[in-house]
Structures are given as C-alpha cells and as structure tokens.
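Student: The structure is given below, and queries will be raised subsequently.
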Amino acid sequence: MKKKILFIDRDGTLIREPEDEQIDAFEKLRFVDGVFRNLNFIRQHLDFEFVMVSNQDGLGTPAFQEDKFWPVHNFVLQTLAGEGVTFDEILIDRHFPEDNAPTRKPQTGLVEKYIVNTDYDIAGSYVIGDRETDRLFAENIGCKSLILGDDMTWDRIAEILFAGERTAEIRRTTKETDIQVKMNLDGRGSCDISTGLGFFDHMLEQIGKHGMIDLTIHTNGDLHVDEHHTIEDTAIALGECIYKALGNKRGIERYGYSLPMDDCLCSVALDFGGRAWLVFDADFHREKIGDMPTEMFLHFFKSFSDAAHMNLNIKAEGENEHHKIEGIFKALARAIKMAVKRDIYKYELPSTKGML
C-alpha cells in the first residue's frame, strides 16, 4: 500500500504567529488550540507520515539569528513529542520572498523527492496550513489541503482525515422532472438553488443556510402541469442525498430541535434511526404562500423523510402562514445540524441495536 503524507506548516498552524511573523522568543510562543489532542489522535489512528514544511524568512541572517530560532523550535518539537507527536522529517526554507527560491512555499523544491517517489500516494496526501500559500503549495504538489481559519479547526481537520468528508450527489430523472442535488453536510451554508418556484427556493435555502450545509439543488419540472411533481421529486432527491451523505452514521448525535419565529412556535424533532415516519401537526388557511401550494407542505416532508429514512415530527402554531412554514424549515435545518454533528472520539453507532 502506498504511503500518504501530511505536509504540516509550523507558524500559524502548530504555533500561533505573532504580528511580526517571527517566533524568536519564548514569550511569543503559544500553541494553536487543539493541536496536541488531534495530532496525537491522527498519529495513533492513521498511517500518514508527518513532514513539517516551514518558511523561515532570512533564518541565519542578522534579521533572524539562528540562536533565537533554534531554542524555541526545539522546545516546540520536544513539547509535541511529549504528547506523542513526532515528525518523520522537518524541512525549513530560509529564503526571503523576493528571492523567488524554488524551495520556498508555495514552490515544491523542498518536497520534490516525495512527489517523484512512486511509493507515495500524493493525491491522497494533504497540506495542513493557515495561508493561501499553503493552499497553492498543495495544488503545486498535487494533493489536497486543509487550511485553518473560520470553521476549519484542528478538531475539524482530525474529523475529516479520520472519518472522511460527508458529501453526496444525486441525479434523479423521470418523465416529469430532472433534478440534481449536491451537498456537503459539513459546509458553510452556501446555497445554489433553482426549482422554478421562488418561495420553494427560499424554503430550501433555509435548510442549507441554517443547517450549515453546502447545498445545490437544480430542478427542471413540468410546471406547465402544476407544482406537484417538482416539489415531490425534489423532496425525494434531497432525502436520498442526505441519506447517502450520512454514510455509516458513526459518531453522529442522531437527534434534533425547535425554535420560535415571531408569532409562531415551530418544533421539529427528528431521528436518523433508519425508520421513516412523519407526524405533521400544522394547519394552513391559505391556498398558496408565494407560488407554493400549502397542501404540498405535508407532501414535501413525507417524501423527504421517507427518502432520508428519517423519523420526522413537526408541530407549528401561530397566525402568520409565512412565518409558520419558514419557522418549520429553519427548525428542520437546525435539527439536521444538531443530529449530523459527529464526534470521532466517540466513533460508534448511536444505537443499542448495533445498526441504523
């Protein structure tokens, strides 16, 4: 089996980077949150080699003297080693950016021997860093990247490396509809949704935005007939996609949420336990909200819960019909977000049956 590598940056990735971008004194030294626990977990449970790759501008020149660098650097290595984290190789480039050296990230001179060695699975390897140069470094190597920042933490990095990314894509084509759904359960809530029904698009966007799911839904349906097939088939494709993205369901929370919206109280409880069931306790007194028939709300959630193999219980009370259904979709999104949360340190099925 080919070996995989984690090319790990130092400053800003293992240790926090100060404003002057030089960690040349112990009082400047702070480790990045979560680095010990998660790198130890990766070292213990996965078979990646660890290669540190670091740009140290002008190391060995009067601007950055050796005797200020090595004591701190060696202390970093000793501290990590004490937590079970060791490196197979440490590669440091000393050039300034204006030198345009082939060994300075994002150039690949320092790691060329790994790229050309056929014993390594470069495409299955990763660069872990904190800058755009680290992302470009990964592209130049031909591997993937995990860049710290925003919602990418060491906890998230360890989760991706250990349990994989939860993405899925479904294409459903019938004589009545042609639907493409893509999702990343661990995304940032970015949405690209087009069904031909404006209000339906708005409701589906709530799932992505408030569930922190990257969600693409493109539906071409027979709207010249009516809205039924477009809504029903989109629900089926969406449910199939989330079921596929969940994978083996190990480590997930499984259950879910409620929230108010203005005059309305909306409750959505769900269980990704594998048994489809719907309880829908919400009355609507308008024929349509926007361009979406209110009679299709129940039908959407029934089709969605069946395809997702989900137990779904929905209740809503209030006066404003728009607020009521939007509150339901937002509560659904938050319920999904809660239920799909994954813990790799308790990576087991949340079931006494041993299956979901």
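Labels for the structure tokens follow display order: chains A, B, ..., residues from 1 in each chain, ligands from 1.
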Quick check for you: according to DSSP on this backbone, which residues of stretch 142-276 of chain A are classed as strand (DSSP E)? Reply as a VMD selection string.
Tutor: chain A and resid 144 to 147 167 to 173 177 to 184 191 to 194 214 to 221 255 to 261 264 to 271
Student: So that I can see what lies close to stretch 7-21 of chain A, please list as a list in words the residues with an atom at most 6 Å from it, counting only C-alpha atoms and leaving out residues fewer than 3 positions away in the same chain.
Tutor: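 Near neighbours after the sequence-gap exclusion: Arg30, Phe31, Val32, Val51, Met52, Val53, Ser54, Val127, Ile128, Gly129 and Asp130 of chain A.
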Student: Take the residues from that selection and put them in a file with N, CA, C and O atoms, as a PDB file, in the first residue's frame.
Tutor:
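For reference, result.pdb as written:
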```pdb
ATOM      1  N   ARG A  30       2.902  30.435  21.623  1.00  0.00           N
ATOM      2  CA  ARG A  30       1.596  29.923  22.006  1.00  0.00           C
ATOM      3  C   ARG A  30       1.215  28.833  21.002  1.00  0.00           C
ATOM      4  O   ARG A  30       1.323  29.038  19.791  1.00  0.00           O
ATOM      5  N   PHE A  31       0.760  27.694  21.503  1.00  0.00           N
ATOM      6  CA  PHE A  31       0.326  26.631  20.606  1.00  0.00           C
ATOM      7  C   PHE A  31      -1.100  26.878  20.129  1.00  0.00           C
ATOM      8  O   PHE A  31      -1.923  27.455  20.850  1.00  0.00           O
ATOM      9  N   VAL A  32      -1.388  26.450  18.913  1.00  0.00           N
ATOM     10  CA  VAL A  32      -2.734  26.576  18.351  1.00  0.00           C
ATOM     11  C   VAL A  32      -3.677  25.636  19.105  1.00  0.00           C
ATOM     12  O   VAL A  32      -3.315  24.498  19.435  1.00  0.00           O
ATOM     13  N   VAL A  51       5.410  15.404   7.815  1.00  0.00           N
ATOM     14  CA  VAL A  51       6.544  16.169   7.311  1.00  0.00           C
ATOM     15  C   VAL A  51       6.266  17.647   7.561  1.00  0.00           C
ATOM     16  O   VAL A  51       5.304  18.207   7.009  1.00  0.00           O
ATOM     17  N   MET A  52       7.078  18.271   8.400  1.00  0.00           N
ATOM     18  CA  MET A  52       6.928  19.708   8.641  1.00  0.00           C
ATOM     19  C   MET A  52       7.614  20.466   7.518  1.00  0.00           C
ATOM     20  O   MET A  52       8.755  20.176   7.169  1.00  0.00           O
ATOM     21  N   VAL A  53       6.903  21.432   6.943  1.00  0.00           N
ATOM     22  CA  VAL A  53       7.462  22.272   5.886  1.00  0.00           C
ATOM     23  C   VAL A  53       7.200  23.721   6.271  1.00  0.00           C
ATOM     24  O   VAL A  53       6.049  24.156   6.355  1.00  0.00           O
ATOM     25  N   SER A  54       8.290  24.481   6.495  1.00  0.00           N
ATOM     26  CA  SER A  54       8.129  25.821   7.048  1.00  0.00           C
ATOM     27  C   SER A  54       9.034  26.825   6.344  1.00  0.00           C
ATOM     28  O   SER A  54      10.223  26.564   6.135  1.00  0.00           O
ATOM     29  N   VAL A 127      -1.813  18.954   2.543  1.00  0.00           N
ATOM     30  CA  VAL A 127      -1.086  20.050   3.168  1.00  0.00           C
ATOM     31  C   VAL A 127      -2.000  20.640   4.238  1.00  0.00           C
ATOM     32  O   VAL A 127      -3.170  20.934   3.968  1.00  0.00           O
ATOM     33  N   ILE A 128      -1.466  20.797   5.446  1.00  0.00           N
ATOM     34  CA  ILE A 128      -2.212  21.458   6.515  1.00  0.00           C
ATOM     35  C   ILE A 128      -1.499  22.767   6.830  1.00  0.00           C
ATOM     36  O   ILE A 128      -0.312  22.767   7.171  1.00  0.00           O
ATOM     37  N   GLY A 129      -2.196  23.865   6.672  1.00  0.00           N
ATOM     38  CA  GLY A 129      -1.581  25.177   6.876  1.00  0.00           C
ATOM     39  C   GLY A 129      -2.603  26.210   7.265  1.00  0.00           C
ATOM     40  O   GLY A 129      -3.743  25.881   7.603  1.00  0.00           O
ATOM     41  N   ASP A 130      -2.195  27.482   7.169  1.00  0.00           N
ATOM     42  CA  ASP A 130      -3.089  28.566   7.574  1.00  0.00           C
ATOM     43  C   ASP A 130      -3.134  29.706   6.565  1.00  0.00           C
ATOM     44  O   ASP A 130      -3.817  30.699   6.790  1.00  0.00           O
TER      45      ASP A 130
END
```
Student: Listing only residues of stretch 61-84 of chain A within 12 Å of stretch 88-103 of chain A, what is the closest atom pair and its distance in Å (to one decimal) for each, using only C-alpha atoms, sorted by chain and residue number ascending, as a tab-separated table?
Tutor:
```
residue	atom	partner	partner_atom	distance
A:Thr61	CA	A:Arg94	CA	9.1
A:Ala63	CA	A:Phe96	CA	10.6
A:Phe64	CA	A:Arg94	CA	9.7
A:Gln65	CA	A:Arg94	CA	11.1
A:Glu66	CA	A:Arg94	CA	10.7
A:Phe69	CA	A:Arg94	CA	11.5
A:Trp70	CA	A:Ile92	CA	11.7
A:His73	CA	A:Ile90	CA	11.0
A:Asn74	CA	A:Ile90	CA	11.4
A:Leu77	CA	A:Ile90	CA	10.1
A:Ala81	CA	A:Asp88	CA	11.7
```
Student: Pick the closest to A:Asp306 from A:Leu332, A:Leu161, A:Leu265, A:Ala237: which is it, counting only C-alpha atoms?
Tutor: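 Of A:Leu332, A:Leu161, A:Leu265, A:Ala237, the one nearest A:Asp306, counting only C-alpha atoms, is A:Ala237.
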Student: Name the residues in contact with A:Lys315 at a cut-off of 7 Å, using only C-alpha atoms, excluding same-chain residues fewer than 6 positions from it; report them as a VMD selection string.
Tutor: chain A and resid 266 to 268 280 to 282
Student: Output N, CA and C atoms for every residue in the selection just made, as a short mmCIF file (atom, residue, chain, number, x, y, z; two decimals), in the first residue's frame.
Tutor:
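In the end it all went to selection12.cif:
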```
data_model
loop_
_atom_site.label_atom_id
_atom_site.label_comp_id
_atom_site.auth_asym_id
_atom_site.auth_seq_id
_atom_site.Cartn_x
_atom_site.Cartn_y
_atom_site.Cartn_z
N CYS A 266 -42.34 26.77 16.35
CA CYS A 266 -42.19 25.63 15.45
C CYS A 266 -41.26 24.60 16.08
N SER A 267 -41.70 23.39 16.09
CA SER A 267 -40.92 22.31 16.68
C SER A 267 -40.67 21.25 15.62
N VAL A 268 -39.40 20.87 15.47
CA VAL A 268 -39.03 19.78 14.57
C VAL A 268 -38.11 18.84 15.34
N PHE A 280 -47.09 15.30 11.23
CA PHE A 280 -47.16 16.69 10.75
C PHE A 280 -48.37 17.35 11.37
N ASP A 281 -48.15 18.21 12.36
CA ASP A 281 -49.22 18.89 13.08
C ASP A 281 -49.11 20.39 12.84
N ALA A 282 -49.59 20.81 11.68
CA ALA A 282 -49.55 22.23 11.31
C ALA A 282 -50.67 22.49 10.30
#
```
